[in-house]
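Before any comments, here is the structure.
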Amino acid sequence: MSEPVRRIKAPVRLAFEINAGHALTGFLRAIAEGRFLGQRCVSCHKVYVPPRGVCPTCGLLLGEEVPVADTGTLTTFCTVNVPYEGQTMKLPYVYGSILLDGADIPFPHLVQGLPVPEVRMGLRLKAVWAPPAERKPTMESILWFSPTGEPDAPFASYQEHL
């Protein structure tokens, strides 16, 4: 009897280019400066981070640019335990949705700075930025989010953002 096939190597290459557009360009420039920038919908007044140019709820162009804090509340998260080819993160690690203070849509990013079993919904977090000289207009300028030490946010403050 032969052994079952457990793994195959199938190299795939997808070449693509992304153009940021006006709204995302402003956001990425702010990231390079160590700050978050959103845009507010002129109708429903939700603040989107990163800005999308158009409100997905109202279908209207987003209006004013709005500075958003680099602190927020962890609304949901997953613990990654499955290894994958080319992985650089040590397992397990946490990837979560952070509702930044001043935004209305959670922002996805890494959560570090505490043992994985202690990560929980409602945890107050702060962005950990790359040193200013190393920042570029990319998401890699935000290294991860770590606990602020503040008390957990009450569930009612983020339940609408799950």
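Chain labels run A, B, ... following the order of the structure tokens; each chain numbers its residues from 1, and ligands are numbered from 1 in the order shown.
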TODO: Mind the document's chain letters and residue numbers, and return as JSON, numbers by chain the residues of segment 9-87 of chain A that DSSP labels strand (DSSP E).
DONE: {"A": [36, 37, 38, 39, 40, 41, 47, 48, 62, 63, 64, 65, 66, 67, 68, 71, 72, 73, 74, 75, 76, 77, 78, 79, 80]}
TODO: Considering only C-alpha atoms, return as a list in words whatever protein or nucleic-acid residues lie within 7 Å of Pro50 of chain A, sequence-local ones (same chain, fewer than 4 positions apart) excluded.
DONE: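 Near Pro50 of chain A, the qualifying residues are Leu24, Phe27 and Gly38 of chain A.
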Resulting file, chosen residues, all heavy atoms, as an mmCIF file, in the first residue's frame:
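Saved file part_8.cif follows:
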data_model
loop_
_atom_site.group_PDB
_atom_site.id
_atom_site.type_symbol
_atom_site.label_atom_id
_atom_site.label_comp_id
_atom_site.auth_asym_id
_atom_site.auth_seq_id
_atom_site.Cartn_x
_atom_site.Cartn_y
_atom_site.Cartn_z
ATOM 1 N N LEU A 24 -7.274 56.787 -0.600
ATOM 2 C CA LEU A 24 -6.299 55.899 0.028
ATOM 3 C C LEU A 24 -4.904 56.518 0.036
ATOM 4 O O LEU A 24 -4.124 56.289 0.963
ATOM 5 C CB LEU A 24 -6.295 54.545 -0.678
ATOM 6 C CG LEU A 24 -5.601 53.408 0.051
ATOM 7 C CD1 LEU A 24 -6.114 53.253 1.474
ATOM 8 C CD2 LEU A 24 -5.769 52.111 -0.720
ATOM 9 N N PHE A 27 -4.639 58.632 3.100
ATOM 10 C CA PHE A 27 -4.545 57.746 4.259
ATOM 11 C C PHE A 27 -3.122 57.213 4.407
ATOM 12 O O PHE A 27 -2.539 57.245 5.496
ATOM 13 C CB PHE A 27 -5.539 56.593 4.110
ATOM 14 C CG PHE A 27 -5.367 55.510 5.128
ATOM 15 C CD1 PHE A 27 -5.834 55.671 6.419
ATOM 16 C CD2 PHE A 27 -4.734 54.321 4.789
ATOM 17 C CE1 PHE A 27 -5.665 54.664 7.367
ATOM 18 C CE2 PHE A 27 -4.568 53.317 5.725
ATOM 19 C CZ PHE A 27 -5.035 53.491 7.011
ATOM 20 N N GLY A 38 -9.229 59.353 8.488
ATOM 21 C CA GLY A 38 -10.433 58.768 7.919
ATOM 22 C C GLY A 38 -11.181 59.792 7.102
ATOM 23 O O GLY A 38 -10.741 60.932 6.947
#
Open item on the list: Using only C-alpha atoms for the distances, tell me which of A:Gly53, A:Pro106, A:Pro151, A:Gly63 is nearest to Cys41 of chain A.
Closed with: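 Closest candidate: A:Gly63.
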Task: Nearest candidate to Leu123 of chain A (options A:Leu60, A:Cys78, A:Val54, A:Leu99; using only C-alpha atoms) - done: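 Looking at the shortest contact to Leu123 of chain A, the residue is A:Leu99.
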- [ ] For atom CA of Ala103 of chain A and atom CA of Thr79 of chain A, determine how far apart the two atoms are, in Å to one decimal place.
- [x] 24.1 Å
TODO: Apply DSSP to the structure's backbone, then extract all residues of chain A labelled helix (DSSP H, G or I) and return them as a ChimeraX atom specification.
DONE: /A:21-32,116-118,132-134,139-141,155-157,159-161
Open item on the list: Just the number, please: distance in Å from atom CA of Val111 of chain A to atom CA of Val66 of chain A, one decimal.
Closed with: 24.3 Å
Open item on the list: If we count only C-alpha atoms and set the cut-off at 12 Å, which residues sit around Gly122 of chain A, ignoring sequence neighbours fewer than 4 positions away in its own chain? Please answer as a list in words.
Closed with: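 Once the adjacent positions are removed, what remains is Gly72, Thr73, Leu74, Thr75, Thr76, Phe77, Gly96, Ser97, Ile98, Leu99, Leu100, Glu118, Pro147, Thr148, Glu150, Pro151, Asp152, Ala153, Pro154, Phe155, Ala156, Ser157, Tyr158, Gln159, His161 and Leu162 of chain A.
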Open item on the list: With only C-alpha atoms as the counted atoms, please give the residues lying no more than 10 Å from Val47 of chain A, apart from itself and same-chain residues fewer than 5 positions off, as a PyMOL selection string.
Closed with: chain A and resi 37-42+55+62-68+102-105
Selected residues written out, C-alpha atoms, as a PDB file, in the first residue's frame:
ATOM      1  CA  LEU A  37      -6.839  59.668   8.752  1.00  0.00           C
ATOM      2  CA  GLY A  38     -10.433  58.768   7.919  1.00  0.00           C
ATOM      3  CA  GLN A  39     -13.230  60.309   5.887  1.00  0.00           C
ATOM      4  CA  ARG A  40     -16.760  61.119   7.042  1.00  0.00           C
ATOM      5  CA  CYS A  41     -19.907  60.356   5.044  1.00  0.00           C
ATOM      6  CA  VAL A  42     -21.919  63.511   4.350  1.00  0.00           C
ATOM      7  CA  CYS A  55     -19.798  55.415   1.626  1.00  0.00           C
ATOM      8  CA  LEU A  62     -17.169  60.705   1.416  1.00  0.00           C
ATOM      9  CA  GLY A  63     -16.619  64.265   2.584  1.00  0.00           C
ATOM     10  CA  GLU A  64     -14.217  65.798   5.050  1.00  0.00           C
ATOM     11  CA  GLU A  65     -11.019  64.131   6.157  1.00  0.00           C
ATOM     12  CA  VAL A  66     -11.068  63.326   9.874  1.00  0.00           C
ATOM     13  CA  PRO A  67      -8.070  62.648  12.127  1.00  0.00           C
ATOM     14  CA  VAL A  68      -8.586  59.414  14.076  1.00  0.00           C
ATOM     15  CA  GLY A 102     -13.165  58.328  16.316  1.00  0.00           C
ATOM     16  CA  ALA A 103     -13.863  55.711  13.595  1.00  0.00           C
ATOM     17  CA  ASP A 104     -17.050  53.791  12.860  1.00  0.00           C
ATOM     18  CA  ILE A 105     -15.562  50.762  11.116  1.00  0.00           C
TER      19      ILE A 105
END
Task: Residues near Gln112 of chain A, cut-off 7 Å, only C-alpha atoms, skip fewer than 4 positions along chain, as a list in words - done: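 The contact residues come out as Trp144, Phe145 and Ser146 of chain A.
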Restrict the selected residues to N, CA and C atoms and save them as an mmCIF file, in the first residue's frame.
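File written: result.cif
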data_model
loop_
_atom_site.group_PDB
_atom_site.id
_atom_site.type_symbol
_atom_site.label_atom_id
_atom_site.label_comp_id
_atom_site.auth_asym_id
_atom_site.auth_seq_id
_atom_site.Cartn_x
_atom_site.Cartn_y
_atom_site.Cartn_z
ATOM 1 N N TRP A 144 2.157 46.676 15.024
ATOM 2 C CA TRP A 144 1.077 45.913 15.647
ATOM 3 C C TRP A 144 0.344 46.837 16.599
ATOM 4 N N PHE A 145 -0.659 46.308 17.271
ATOM 5 C CA PHE A 145 -1.368 47.019 18.333
ATOM 6 C C PHE A 145 -1.091 46.287 19.632
ATOM 7 N N SER A 146 -0.853 47.045 20.705
ATOM 8 C CA SER A 146 -0.593 46.438 22.008
ATOM 9 C C SER A 146 -1.486 47.093 23.067
#
Task: Given only C-alpha atoms as the counted atoms, nearest of A:Arg13, A:His22, A:Arg120, A:Arg52 to Tyr95 of chain A - done: A:Arg120
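Using only C-alpha atoms, the residues found no farther than 6 Å from Ala32 of chain A, other than those of its own chain fewer than 4 positions away, are Arg135, Lys136 and Pro137 of chain A.
Of the residues under consideration (A:Ala133, A:Val12, A:Leu28, A:Val94), A:Val94 shows the shortest atom-to-atom contact distance to Pro117 of chain A when counting only C-alpha atoms.
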